[in-house]
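Have a look at data26.csv; it's CSV, C-alpha atoms:
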chain,number,residue,atom,x,y,z
S,126,MET,CA,55.7,-141.6,-92.1
S,127,SER,CA,53.9,-144.9,-92.6
S,128,THR,CA,53.0,-146.3,-96.0
S,129,ALA,CA,49.3,-145.4,-95.5
S,130,GLY,CA,50.3,-142.0,-94.2
S,131,GLU,CA,52.5,-141.4,-97.3
S,132,ALA,CA,49.8,-142.6,-99.6
S,133,SER,CA,47.2,-140.3,-97.9
S,134,ARG,CA,49.6,-137.3,-98.3
S,135,ASP,CA,50.2,-138.1,-101.9
S,136,LEU,CA,46.5,-138.7,-102.7
S,137,PHE,CA,45.3,-135.5,-101.1
S,138,ASN,CA,48.1,-133.5,-102.7
S,139,LEU,CA,47.0,-134.8,-106.1
S,140,PHE,CA,43.3,-133.8,-105.5
S,141,SER,CA,43.8,-130.6,-103.5
S,142,ALA,CA,43.1,-128.3,-106.4
S,143,GLN,CA,39.8,-130.0,-107.3
S,144,TYR,CA,38.8,-130.9,-103.8
S,145,ASP,CA,36.3,-128.1,-103.2
S,146,LEU,CA,35.1,-127.9,-106.8
S,147,VAL,CA,33.5,-131.3,-107.1
S,148,PRO,CA,29.6,-131.0,-106.7
S,149,TRP,CA,29.1,-134.2,-104.8
S,150,ASN,CA,31.9,-133.3,-102.4
S,151,GLN,CA,30.4,-129.9,-101.9
S,152,HIS,CA,27.2,-131.5,-100.9
S,153,LEU,CA,29.0,-133.8,-98.5
S,154,THR,CA,30.7,-130.9,-96.9
S,155,ALA,CA,27.3,-129.2,-96.5
S,156,GLN,CA,25.9,-132.4,-95.0
S,157,ILE,CA,28.6,-132.4,-92.4
S,158,ARG,CA,28.1,-128.8,-91.6
S,159,THR,CA,24.4,-129.2,-91.1
S,160,ALA,CA,24.8,-132.3,-89.0
S,161,LEU,CA,27.3,-130.7,-86.7
S,162,GLN,CA,25.5,-127.4,-86.3
S,163,ASN,CA,22.2,-129.2,-85.6
S,164,ARG,CA,24.0,-131.1,-82.8
S,165,LYS,CA,25.8,-128.2,-81.2
S,166,ASP,CA,24.2,-128.8,-77.8
S,167,TRP,CA,24.7,-132.6,-78.1
S,168,ILE,CA,28.4,-132.0,-78.8
S,169,GLY,CA,28.6,-129.7,-75.7
S,170,ILE,CA,29.2,-126.3,-77.2
S,171,PRO,CA,27.5,-123.7,-74.9
S,172,ASP,CA,25.4,-120.9,-76.4
S,173,ASN,CA,27.7,-118.2,-75.0
S,174,SER,CA,30.9,-120.0,-76.1
S,175,LEU,CA,32.1,-117.7,-78.8
S,176,GLY,CA,35.7,-116.6,-78.2
S,177,ASN,CA,36.3,-119.2,-75.5
S,178,VAL,CA,36.3,-122.5,-77.4
S,179,LYS,CA,39.5,-123.8,-78.8
S,180,LEU,CA,39.2,-126.3,-81.7
S,181,LEU,CA,41.7,-128.7,-83.2
S,182,ASP,CA,40.7,-129.7,-86.8
S,183,TYR,CA,42.9,-132.8,-87.4
S,184,ALA,CA,43.3,-134.2,-90.9
S,185,CYS,CA,41.7,-130.9,-91.7
S,186,GLY,CA,41.8,-131.0,-95.5
S,187,THR,CA,40.4,-127.7,-96.8
S,188,GLY,CA,38.4,-127.2,-93.6
S,189,ALA,CA,35.0,-129.0,-93.6
S,190,ILE,CA,35.0,-129.1,-89.7
S,191,THR,CA,36.3,-125.6,-89.5
S,192,LYS,CA,33.4,-124.3,-91.7
S,193,ALA,CA,30.9,-126.2,-89.6
S,194,LEU,CA,32.0,-125.2,-86.1
S,195,GLY,CA,33.8,-122.0,-86.9
S,196,PRO,CA,30.8,-119.8,-85.9
S,197,TYR,CA,30.9,-121.3,-82.4
S,198,VAL,CA,34.6,-121.2,-81.5
S,199,GLY,CA,37.2,-118.6,-80.9
S,200,SER,CA,40.3,-120.2,-82.3
S,201,ILE,CA,41.1,-123.1,-84.6
S,202,LYS,CA,44.3,-125.0,-85.3
S,203,GLY,CA,44.3,-127.2,-88.4
S,204,ILE,CA,46.8,-130.0,-88.9
S,205,ASP,CA,47.2,-132.2,-92.0
S,206,VAL,CA,49.9,-134.4,-93.6
S,207,SER,CA,49.2,-132.8,-97.0
S,208,ASP,CA,51.1,-129.6,-97.6
S,209,GLN,CA,48.7,-128.8,-100.5
S,210,MET,CA,45.6,-129.2,-98.4
S,211,VAL,CA,47.2,-127.0,-95.7
S,212,GLU,CA,47.8,-124.4,-98.3
S,213,ARG,CA,44.1,-124.6,-99.5
S,214,TYR,CA,42.9,-124.4,-95.9
S,215,ASN,CA,44.8,-121.3,-95.2
S,216,GLU,CA,43.8,-119.7,-98.5
S,217,ALA,CA,40.1,-120.4,-97.7
S,218,ALA,CA,40.5,-119.1,-94.1
S,219,ARG,CA,42.0,-115.8,-95.3
S,220,ALA,CA,39.4,-115.4,-98.1
S,221,SER,CA,36.6,-115.8,-95.5
S,222,GLY,CA,38.1,-113.0,-93.4
S,223,LEU,CA,39.6,-115.1,-90.6
S,224,SER,CA,43.0,-114.0,-89.3
S,225,PRO,CA,45.8,-116.5,-88.6
S,226,GLU,CA,45.0,-116.1,-84.9
S,227,GLN,CA,41.5,-117.3,-85.5
S,228,ALA,CA,42.2,-120.2,-87.9
S,229,HIS,CA,45.4,-121.5,-89.2
S,230,ALA,CA,46.6,-124.9,-90.5
S,231,VAL,CA,50.1,-126.4,-90.4
S,232,ILE,CA,51.7,-129.5,-91.9
S,233,GLY,CA,51.9,-132.2,-89.2
S,234,ASN,CA,51.4,-135.8,-88.1
S,235,LEU,CA,50.4,-136.5,-84.6
S,236,LEU,CA,50.7,-140.2,-85.3
S,237,ALA,CA,54.4,-140.0,-85.8
S,238,GLU,CA,56.3,-142.6,-83.8
S,239,ASP,CA,57.7,-140.1,-81.4
S,240,GLY,CA,54.4,-138.3,-81.1
S,241,ILE,CA,56.1,-134.8,-81.1
S,242,ARG,CA,57.2,-134.5,-84.7
S,243,ASP,CA,56.8,-131.2,-86.6
S,244,GLY,CA,57.1,-129.1,-83.5
S,245,LEU,CA,53.5,-129.5,-82.3
S,246,VAL,CA,54.5,-129.4,-78.6
S,247,THR,CA,53.8,-125.8,-77.9
S,248,PRO,CA,51.0,-124.7,-75.6
S,249,GLU,CA,48.9,-123.6,-78.5
S,250,TYR,CA,48.6,-127.3,-79.6
S,251,SER,CA,47.3,-128.5,-76.2
S,252,ASP,CA,44.2,-128.1,-74.0
S,253,PHE,CA,41.7,-128.0,-76.8
S,254,ASP,CA,38.0,-127.9,-76.0
S,255,ILE,CA,37.2,-129.9,-79.1
S,256,ALA,CA,39.4,-132.1,-81.3
S,257,ALA,CA,37.6,-133.3,-84.4
S,258,VAL,CA,38.4,-135.5,-87.4
S,259,GLY,CA,36.1,-135.2,-90.4
S,260,LEU,CA,36.2,-138.3,-92.7
S,261,GLY,CA,39.9,-138.9,-92.1
S,262,PHE,CA,39.6,-141.6,-89.5
S,263,HIS,CA,39.5,-144.4,-92.0
S,264,HIS,CA,42.9,-143.3,-93.4
S,265,PHE,CA,44.8,-143.7,-90.1
S,266,ASP,CA,47.1,-146.7,-89.7
S,267,SER,CA,46.1,-147.1,-86.1
S,268,PRO,CA,42.8,-145.7,-85.1
S,269,SER,CA,43.5,-146.6,-81.4
S,270,LEU,CA,46.8,-144.6,-81.5
S,271,ALA,CA,45.0,-141.7,-83.2
S,272,LEU,CA,42.4,-141.5,-80.5
S,273,ARG,CA,45.0,-141.7,-77.8
S,274,ARG,CA,47.1,-138.9,-79.3
S,275,LEU,CA,44.1,-136.7,-79.9
S,276,THR,CA,42.8,-137.3,-76.4
S,277,GLU,CA,46.2,-136.1,-75.0
S,278,ARG,CA,45.6,-132.8,-76.7
S,279,LEU,CA,42.2,-132.2,-75.0
S,280,ARG,CA,41.5,-130.2,-71.9
S,281,PRO,CA,41.3,-132.8,-69.0
S,282,GLY,CA,37.8,-133.3,-67.7
S,283,SER,CA,36.0,-131.3,-70.4
S,284,GLY,CA,37.6,-131.7,-73.8
S,285,VAL,CA,35.4,-133.4,-76.4
S,286,LEU,CA,36.7,-135.8,-79.1
S,287,LEU,CA,34.6,-135.7,-82.2
S,288,ILE,CA,34.8,-138.2,-85.1
S,289,ILE,CA,32.7,-138.1,-88.3
S,290,ASP,CA,33.2,-141.1,-90.5
S,291,PHE,CA,31.6,-144.1,-92.3
S,292,LEU,CA,29.8,-147.1,-91.0
S,293,PRO,CA,30.9,-150.4,-92.5
S,294,PRO,CA,29.2,-151.2,-95.8
S,295,LYS,CA,26.1,-153.3,-95.6
S,296,GLU,CA,26.9,-157.0,-96.1
S,297,ASN,CA,24.7,-157.2,-99.1
S,298,ALA,CA,26.3,-154.2,-100.8
S,299,SER,CA,28.1,-155.1,-104.0
S,300,THR,CA,31.0,-153.0,-103.0
S,301,ALA,CA,31.5,-154.4,-99.5
S,302,GLY,CA,35.0,-155.7,-98.9
S,303,HIS,CA,36.1,-154.7,-102.4
S,304,HIS,CA,36.0,-150.9,-102.7
S,305,HIS,CA,37.2,-148.2,-100.3
S,306,GLU,CA,35.6,-144.8,-100.6
S,307,HIS,CA,37.5,-141.5,-100.9
S,308,HIS,CA,35.5,-138.5,-99.9
S,309,GLY,CA,37.5,-135.8,-101.6
S,310,ALA,CA,37.8,-136.6,-105.3
S,311,SER,CA,35.5,-137.2,-108.2
S,312,SER,CA,35.6,-140.5,-110.0
S,313,GLN,CA,36.7,-138.6,-113.1
S,314,HIS,CA,40.0,-137.9,-111.4
S,315,HIS,CA,40.8,-141.5,-110.5
S,316,HIS,CA,43.0,-142.0,-113.5
S,317,GLY,CA,46.7,-142.9,-113.6
S,318,ALA,CA,48.6,-145.6,-111.8
S,319,HIS,CA,50.0,-143.2,-109.2
S,320,LYS,CA,46.5,-142.1,-108.2
S,321,HIS,CA,45.1,-145.6,-108.0
S,322,GLU,CA,48.1,-146.8,-105.9
S,323,ALA,CA,47.9,-143.9,-103.5
S,324,HIS,CA,44.2,-144.4,-103.1
S,325,ALA,CA,44.5,-148.1,-102.5
S,326,HIS,CA,47.1,-147.7,-99.8
S,327,SER,CA,45.6,-144.6,-98.1
S,328,VAL,CA,42.5,-146.3,-96.7
S,329,THR,CA,43.0,-148.6,-93.7
S,330,SER,CA,39.4,-149.4,-92.7
S,331,THR,CA,36.0,-149.8,-94.4
S,332,GLY,CA,34.1,-148.3,-91.5
S,333,PHE,CA,33.4,-148.3,-87.8
S,334,THR,CA,30.4,-149.5,-85.8
S,335,GLU,CA,29.1,-148.0,-82.5
S,336,ALA,CA,30.8,-150.8,-80.6
S,337,ASP,CA,34.0,-150.2,-82.4
S,338,MET,CA,34.0,-146.5,-81.5
S,339,GLN,CA,33.0,-146.9,-77.9
S,340,ARG,CA,35.8,-149.4,-77.3
S,341,LEU,CA,38.3,-147.1,-79.0
S,342,TYR,CA,37.1,-144.1,-77.0
S,343,GLU,CA,37.2,-145.9,-73.7
S,344,GLU,CA,40.7,-147.3,-74.4
S,345,ALA,CA,41.9,-143.7,-75.2
S,346,GLY,CA,40.5,-142.3,-72.0
S,347,ALA,CA,37.8,-140.3,-73.8
S,348,GLY,CA,34.8,-142.6,-73.0
S,349,ALA,CA,32.9,-140.2,-70.7
S,350,ASP,CA,29.6,-139.0,-72.1
S,351,PHE,CA,30.1,-141.2,-75.1
S,352,GLY,CA,27.6,-140.8,-77.9
S,353,TYR,CA,27.1,-142.2,-81.4
S,354,GLU,CA,24.6,-141.0,-83.9
S,355,VAL,CA,23.9,-142.2,-87.5
S,356,LEU,CA,22.9,-139.5,-90.0
S,357,ASP,CA,19.6,-140.1,-91.7
S,358,GLU,CA,20.8,-139.0,-95.1
S,359,PRO,CA,23.5,-141.3,-96.7
S,360,ALA,CA,26.5,-139.7,-98.2
S,361,VAL,CA,26.7,-140.0,-102.0
S,362,LEU,CA,30.3,-140.6,-103.1
S,363,GLY,CA,31.1,-140.0,-106.8
S,364,GLU,CA,28.7,-139.2,-109.6
S,365,GLY,CA,26.9,-140.8,-112.4
S,366,ASP,CA,27.1,-144.6,-112.7
S,367,GLY,CA,30.1,-144.7,-110.4
S,368,ALA,CA,28.2,-143.1,-107.5
S,369,ARG,CA,28.0,-145.0,-104.2
S,370,GLN,CA,26.1,-144.4,-101.0
S,371,ARG,CA,27.6,-144.7,-97.5
S,372,GLN,CA,26.1,-144.1,-94.2
S,373,LEU,CA,27.8,-141.5,-91.9
S,374,PHE,CA,28.1,-141.5,-88.1
S,375,ILE,CA,29.2,-138.9,-85.6
S,376,ALA,CA,30.9,-140.1,-82.4
S,377,LYS,CA,31.7,-138.0,-79.4
S,378,GLY,CA,33.3,-138.6,-76.0
S,379,LYS,CA,34.9,-136.5,-73.2
S,380,ARG,CA,38.4,-136.8,-71.8
S,381,ALA,CA,38.6,-138.0,-68.3
S,382,SER,CA,39.8,-135.6,-65.6
S,383,ALA,CA,43.6,-135.6,-64.9
S,384,LYS,CA,44.7,-138.0,-62.2
S,385,LEU,CA,45.9,-136.4,-59.0

How does the structure come out when it is put into structure tokens?
Amino acid sequence: MSTAGEASRDLFNLFSAQYDLVPWNQHLTAQIRTALQNRKDWIGIPDNSLGNVKLLDYACGTGAITKALGPYVGSIKGIDVSDQMVERYNEAARASGLSPEQAHAVIGNLLAEDGIRDGLVTPEYSDFDIAAVGLGFHHFDSPSLALRRLTERLRPGSGVLLIIDFLPPKENASTAGHHHEHHGASSQHHHGAHKHEAHAHSVTSTGFTEADMQRLYEEAGAGADFGYEVLDEPAVLGEGDGARQRQLFIAKGKRASAKL
């Protein structure tokens, strides 16, 4: 695993117990849920889709994407590098009444050098109708590799790749170029050298513009029906004097048909 990948795993393991308890993070999760559910048609989920749509929730954390799109899909596979997040995801899924066949997460890394590590090569981890990453994209060492690997897991000709992440900070923002945001932990938990070091090394990008995402989607073979929407309400990261605002976007694209 890369340095950033290891740092992300360590960071999310550290914060897993508090992840869903922090008020501002709860609000952020609700923002994502509302934004995605209001764009169900835009994403391409048909009204009569229940039971037929297969979702990959990558870098799933405790399941923000799963909670948002779960009502519209039949089966969900979560993947995360953090064993503690995977445990929390599965606990939440069982507590909400979902069976392992309906929603289940495993520890894995699709960005491993060989691309097939952790045994994620069985049919159940391919031909997804939707592959989504919710606020994990800025933690990836190589966004271009991430999109290629995710696109490979989509159903050819119809599978949709969905990314929710941050725009770059405004140039006049005092934090631009100096602070990276983490969406899963309260500022009160940012204590200790280990936590600071993990956080610093886990973030690889300050954000992505529409042009950035369109280029990445096209290079990955998922540029068909590309769309990019900026959410009206900014995300509030942190609380009190340490709170910061960041603008969120949702990008989508469709995998090209398989070549004959």

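What separates atom CA of S:Ile190 from atom CA of S:Leu286 is a distance of 12.7 Å.
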
Quick one: which stretch 244-291 of chain S residues come within 10 Å of stretch 151-160 of chain S, and what is the nearest atom pair for each with the distance in Å to one decimal, counting all atoms listed in the file, rows ordered by chain and ascending number, as a tab-separated table?
residue	atom	partner	partner_atom	distance
S:Gly259	CA	S:Ile157	CA	8.3
S:Leu260	CA	S:Ile157	CA	9.6
S:Ile289	CA	S:Ile157	CA	8.1

Residues near S:Arg280, anyone? I mean within 10 Å using all atoms listed in the file, not counting same-chain ones fewer than 3 positions away, as a ChimeraX atom specification. /S:179,251-256,276-277,283-285,379-383

May I have the selected residues written with C-alpha atoms, as an mmCIF file, in the frame of the given file?
data_model
loop_
_atom_site.group_PDB
_atom_site.id
_atom_site.type_symbol
_atom_site.label_atom_id
_atom_site.label_comp_id
_atom_site.auth_asym_id
_atom_site.auth_seq_id
_atom_site.Cartn_x
_atom_site.Cartn_y
_atom_site.Cartn_z
ATOM 1 C CA LYS S 179 39.500 -123.800 -78.800
ATOM 2 C CA SER S 251 47.300 -128.500 -76.200
ATOM 3 C CA ASP S 252 44.200 -128.100 -74.000
ATOM 4 C CA PHE S 253 41.700 -128.000 -76.800
ATOM 5 C CA ASP S 254 38.000 -127.900 -76.000
ATOM 6 C CA ILE S 255 37.200 -129.900 -79.100
ATOM 7 C CA ALA S 256 39.400 -132.100 -81.300
ATOM 8 C CA THR S 276 42.800 -137.300 -76.400
ATOM 9 C CA GLU S 277 46.200 -136.100 -75.000
ATOM 10 C CA SER S 283 36.000 -131.300 -70.400
ATOM 11 C CA GLY S 284 37.600 -131.700 -73.800
ATOM 12 C CA VAL S 285 35.400 -133.400 -76.400
ATOM 13 C CA LYS S 379 34.900 -136.500 -73.200
ATOM 14 C CA ARG S 380 38.400 -136.800 -71.800
ATOM 15 C CA ALA S 381 38.600 -138.000 -68.300
ATOM 16 C CA SER S 382 39.800 -135.600 -65.600
ATOM 17 C CA ALA S 383 43.600 -135.600 -64.900
#

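For S:Gln339, the residues within 9 Å (counting only C-alpha atoms, excluding itself and residues fewer than 4 positions away along the chain) are Thr334, Glu335, Glu343, Glu344, Gly348, Phe351, Gly352, Tyr353, Ala376 and Gly378 of chain S.
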
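Between atom CA of S:Phe374 and atom CA of S:Gly282 lies a distance of 24.0 Å.
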
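Between atom CA of S:Glu226 and atom CA of S:Gly195 the interatomic distance comes to 12.8 Å.
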
Any idea what's packed within 12 Å of stretch 267-269 of chain S, counting only C-alpha atoms, ignoring anything in its chain fewer than 3 positions away? Could you give it as a ChimeraX atom specification? /S:127,129-130,235-238,258,261-264,272-276,288,290,328-330,332-333,337-347

Go ahead and save the picked residues with C-alpha atoms, as an mmCIF file, in the frame of the given file.
data_model
loop_
_atom_site.group_PDB
_atom_site.id
_atom_site.type_symbol
_atom_site.label_atom_id
_atom_site.label_comp_id
_atom_site.auth_asym_id
_atom_site.auth_seq_id
_atom_site.Cartn_x
_atom_site.Cartn_y
_atom_site.Cartn_z
ATOM 1 C CA SER S 127 53.900 -144.900 -92.600
ATOM 2 C CA ALA S 129 49.300 -145.400 -95.500
ATOM 3 C CA GLY S 130 50.300 -142.000 -94.200
ATOM 4 C CA LEU S 235 50.400 -136.500 -84.600
ATOM 5 C CA LEU S 236 50.700 -140.200 -85.300
ATOM 6 C CA ALA S 237 54.400 -140.000 -85.800
ATOM 7 C CA GLU S 238 56.300 -142.600 -83.800
ATOM 8 C CA VAL S 258 38.400 -135.500 -87.400
ATOM 9 C CA GLY S 261 39.900 -138.900 -92.100
ATOM 10 C CA PHE S 262 39.600 -141.600 -89.500
ATOM 11 C CA HIS S 263 39.500 -144.400 -92.000
ATOM 12 C CA HIS S 264 42.900 -143.300 -93.400
ATOM 13 C CA LEU S 272 42.400 -141.500 -80.500
ATOM 14 C CA ARG S 273 45.000 -141.700 -77.800
ATOM 15 C CA ARG S 274 47.100 -138.900 -79.300
ATOM 16 C CA LEU S 275 44.100 -136.700 -79.900
ATOM 17 C CA THR S 276 42.800 -137.300 -76.400
ATOM 18 C CA ILE S 288 34.800 -138.200 -85.100
ATOM 19 C CA ASP S 290 33.200 -141.100 -90.500
ATOM 20 C CA VAL S 328 42.500 -146.300 -96.700
ATOM 21 C CA THR S 329 43.000 -148.600 -93.700
ATOM 22 C CA SER S 330 39.400 -149.400 -92.700
ATOM 23 C CA GLY S 332 34.100 -148.300 -91.500
ATOM 24 C CA PHE S 333 33.400 -148.300 -87.800
ATOM 25 C CA ASP S 337 34.000 -150.200 -82.400
ATOM 26 C CA MET S 338 34.000 -146.500 -81.500
ATOM 27 C CA GLN S 339 33.000 -146.900 -77.900
ATOM 28 C CA ARG S 340 35.800 -149.400 -77.300
ATOM 29 C CA LEU S 341 38.300 -147.100 -79.000
ATOM 30 C CA TYR S 342 37.100 -144.100 -77.000
ATOM 31 C CA GLU S 343 37.200 -145.900 -73.700
ATOM 32 C CA GLU S 344 40.700 -147.300 -74.400
ATOM 33 C CA ALA S 345 41.900 -143.700 -75.200
ATOM 34 C CA GLY S 346 40.500 -142.300 -72.000
ATOM 35 C CA ALA S 347 37.800 -140.300 -73.800
#

Nearest to S:Asn173, chosen from S:Leu356, S:Ala230, S:Val198, S:Ala193, with all atoms listed in the file counted in the distances: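 Nearest candidate to S:Asn173 out of S:Leu356, S:Ala230, S:Val198, S:Ala193: S:Val198.
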
What are the centre and edge lengths in Å, to one decimal, of the axis-aligned box around all listed atoms of stretch 203-208 of chain S with 8 Å added on each side, as lines of an AutoDock Vina configuration file?
center_x = 47.7
center_y = -130.8
center_z = -93.0
size_x = 22.8
size_y = 23.2
size_z = 25.2

Calculated over only C-alpha atoms, which of the candidates S:Arg164, S:Lys202, S:His229, S:Lys377 has the smallest distance to S:Tyr183?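 Using only C-alpha atoms, the shortest distance to S:Tyr183 belongs to S:Lys202.
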
Will you model N, CA, C and O atoms for stretch 151-170 of chain S and pass it back as a JSON list (two decimals), in the frame of the given file?
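out34.json written:
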[["chain", "number", "residue", "atom", "x", "y", "z"],
["S", 151, "GLN", "N", 31.02, -131.06, -102.50],
["S", 151, "GLN", "CA", 30.40, -129.90, -101.90],
["S", 151, "GLN", "C", 29.19, -130.20, -101.11],
["S", 151, "GLN", "O", 28.98, -129.66, -100.02],
["S", 152, "HIS", "N", 28.37, -131.11, -101.67],
["S", 152, "HIS", "CA", 27.20, -131.50, -100.90],
["S", 152, "HIS", "C", 27.54, -132.27, -99.66],
["S", 152, "HIS", "O", 26.90, -132.08, -98.61],
["S", 153, "LEU", "N", 28.57, -133.10, -99.72],
["S", 153, "LEU", "CA", 29.00, -133.80, -98.50],
["S", 153, "LEU", "C", 29.49, -132.89, -97.45],
["S", 153, "LEU", "O", 29.18, -133.07, -96.27],
["S", 154, "THR", "N", 30.24, -131.87, -97.85],
["S", 154, "THR", "CA", 30.70, -130.90, -96.90],
["S", 154, "THR", "C", 29.52, -130.16, -96.24],
["S", 154, "THR", "O", 29.51, -129.90, -95.03],
["S", 155, "ALA", "N", 28.50, -129.86, -97.05],
["S", 155, "ALA", "CA", 27.30, -129.20, -96.50],
["S", 155, "ALA", "C", 26.55, -130.14, -95.56],
["S", 155, "ALA", "O", 25.99, -129.69, -94.54],
["S", 156, "GLN", "N", 26.52, -131.44, -95.88],
["S", 156, "GLN", "CA", 25.90, -132.40, -95.00],
["S", 156, "GLN", "C", 26.56, -132.42, -93.62],
["S", 156, "GLN", "O", 25.89, -132.42, -92.57],
["S", 157, "ILE", "N", 27.88, -132.43, -93.63],
["S", 157, "ILE", "CA", 28.60, -132.40, -92.40],
["S", 157, "ILE", "C", 28.37, -131.16, -91.59],
["S", 157, "ILE", "O", 28.15, -131.19, -90.37],
["S", 158, "ARG", "N", 28.36, -130.03, -92.28],
["S", 158, "ARG", "CA", 28.10, -128.80, -91.60],
["S", 158, "ARG", "C", 26.75, -128.75, -90.94],
["S", 158, "ARG", "O", 26.63, -128.39, -89.76],
["S", 159, "THR", "N", 25.73, -129.16, -91.67],
["S", 159, "THR", "CA", 24.40, -129.20, -91.10],
["S", 159, "THR", "C", 24.26, -130.13, -89.94],
["S", 159, "THR", "O", 23.67, -129.81, -88.90],
["S", 160, "ALA", "N", 24.85, -131.32, -90.09],
["S", 160, "ALA", "CA", 24.80, -132.30, -89.00],
["S", 160, "ALA", "C", 25.42, -131.85, -87.74],
["S", 160, "ALA", "O", 24.88, -132.04, -86.64],
["S", 161, "LEU", "N", 26.57, -131.22, -87.85],
["S", 161, "LEU", "CA", 27.30, -130.70, -86.70],
["S", 161, "LEU", "C", 26.59, -129.54, -86.05],
["S", 161, "LEU", "O", 26.44, -129.46, -84.82],
["S", 162, "GLN", "N", 26.13, -128.62, -86.87],
["S", 162, "GLN", "CA", 25.50, -127.40, -86.30],
["S", 162, "GLN", "C", 24.16, -127.78, -85.66],
["S", 162, "GLN", "O", 23.80, -127.17, -84.64],
["S", 163, "ASN", "N", 23.44, -128.77, -86.18],
["S", 163, "ASN", "CA", 22.20, -129.20, -85.60],
["S", 163, "ASN", "C", 22.43, -129.95, -84.25],
["S", 163, "ASN", "O", 21.49, -130.13, -83.47],
["S", 164, "ARG", "N", 23.67, -130.38, -84.03],
["S", 164, "ARG", "CA", 24.00, -131.10, -82.80],
["S", 164, "ARG", "C", 24.95, -130.35, -81.90],
["S", 164, "ARG", "O", 25.68, -130.93, -81.10],
["S", 165, "LYS", "N", 24.91, -129.04, -82.02],
["S", 165, "LYS", "CA", 25.80, -128.20, -81.20],
["S", 165, "LYS", "C", 25.64, -128.47, -79.72],
["S", 165, "LYS", "O", 26.62, -128.63, -78.99],
["S", 166, "ASP", "N", 24.41, -128.58, -79.26],
["S", 166, "ASP", "CA", 24.20, -128.80, -77.80],
["S", 166, "ASP", "C", 24.61, -130.26, -77.48],
["S", 166, "ASP", "O", 25.16, -130.49, -76.39],
["S", 167, "TRP", "N", 24.34, -131.20, -78.35],
["S", 167, "TRP", "CA", 24.70, -132.60, -78.10],
["S", 167, "TRP", "C", 26.26, -132.72, -78.02],
["S", 167, "TRP", "O", 26.78, -133.45, -77.18],
["S", 168, "ILE", "N", 26.97, -131.97, -78.86],
["S", 168, "ILE", "CA", 28.40, -132.00, -78.80],
["S", 168, "ILE", "C", 28.91, -131.37, -77.50],
["S", 168, "ILE", "O", 29.92, -131.81, -76.92],
["S", 169, "GLY", "N", 28.18, -130.38, -77.00],
["S", 169, "GLY", "CA", 28.60, -129.70, -75.70],
["S", 169, "GLY", "C", 29.09, -128.34, -75.90],
["S", 169, "GLY", "O", 29.82, -127.86, -75.03],
["S", 170, "ILE", "N", 28.73, -127.66, -76.98],
["S", 170, "ILE", "CA", 29.20, -126.30, -77.20],
["S", 170, "ILE", "C", 28.12, -125.35, -76.59],
["S", 170, "ILE", "O", 26.99, -125.31, -77.07]]
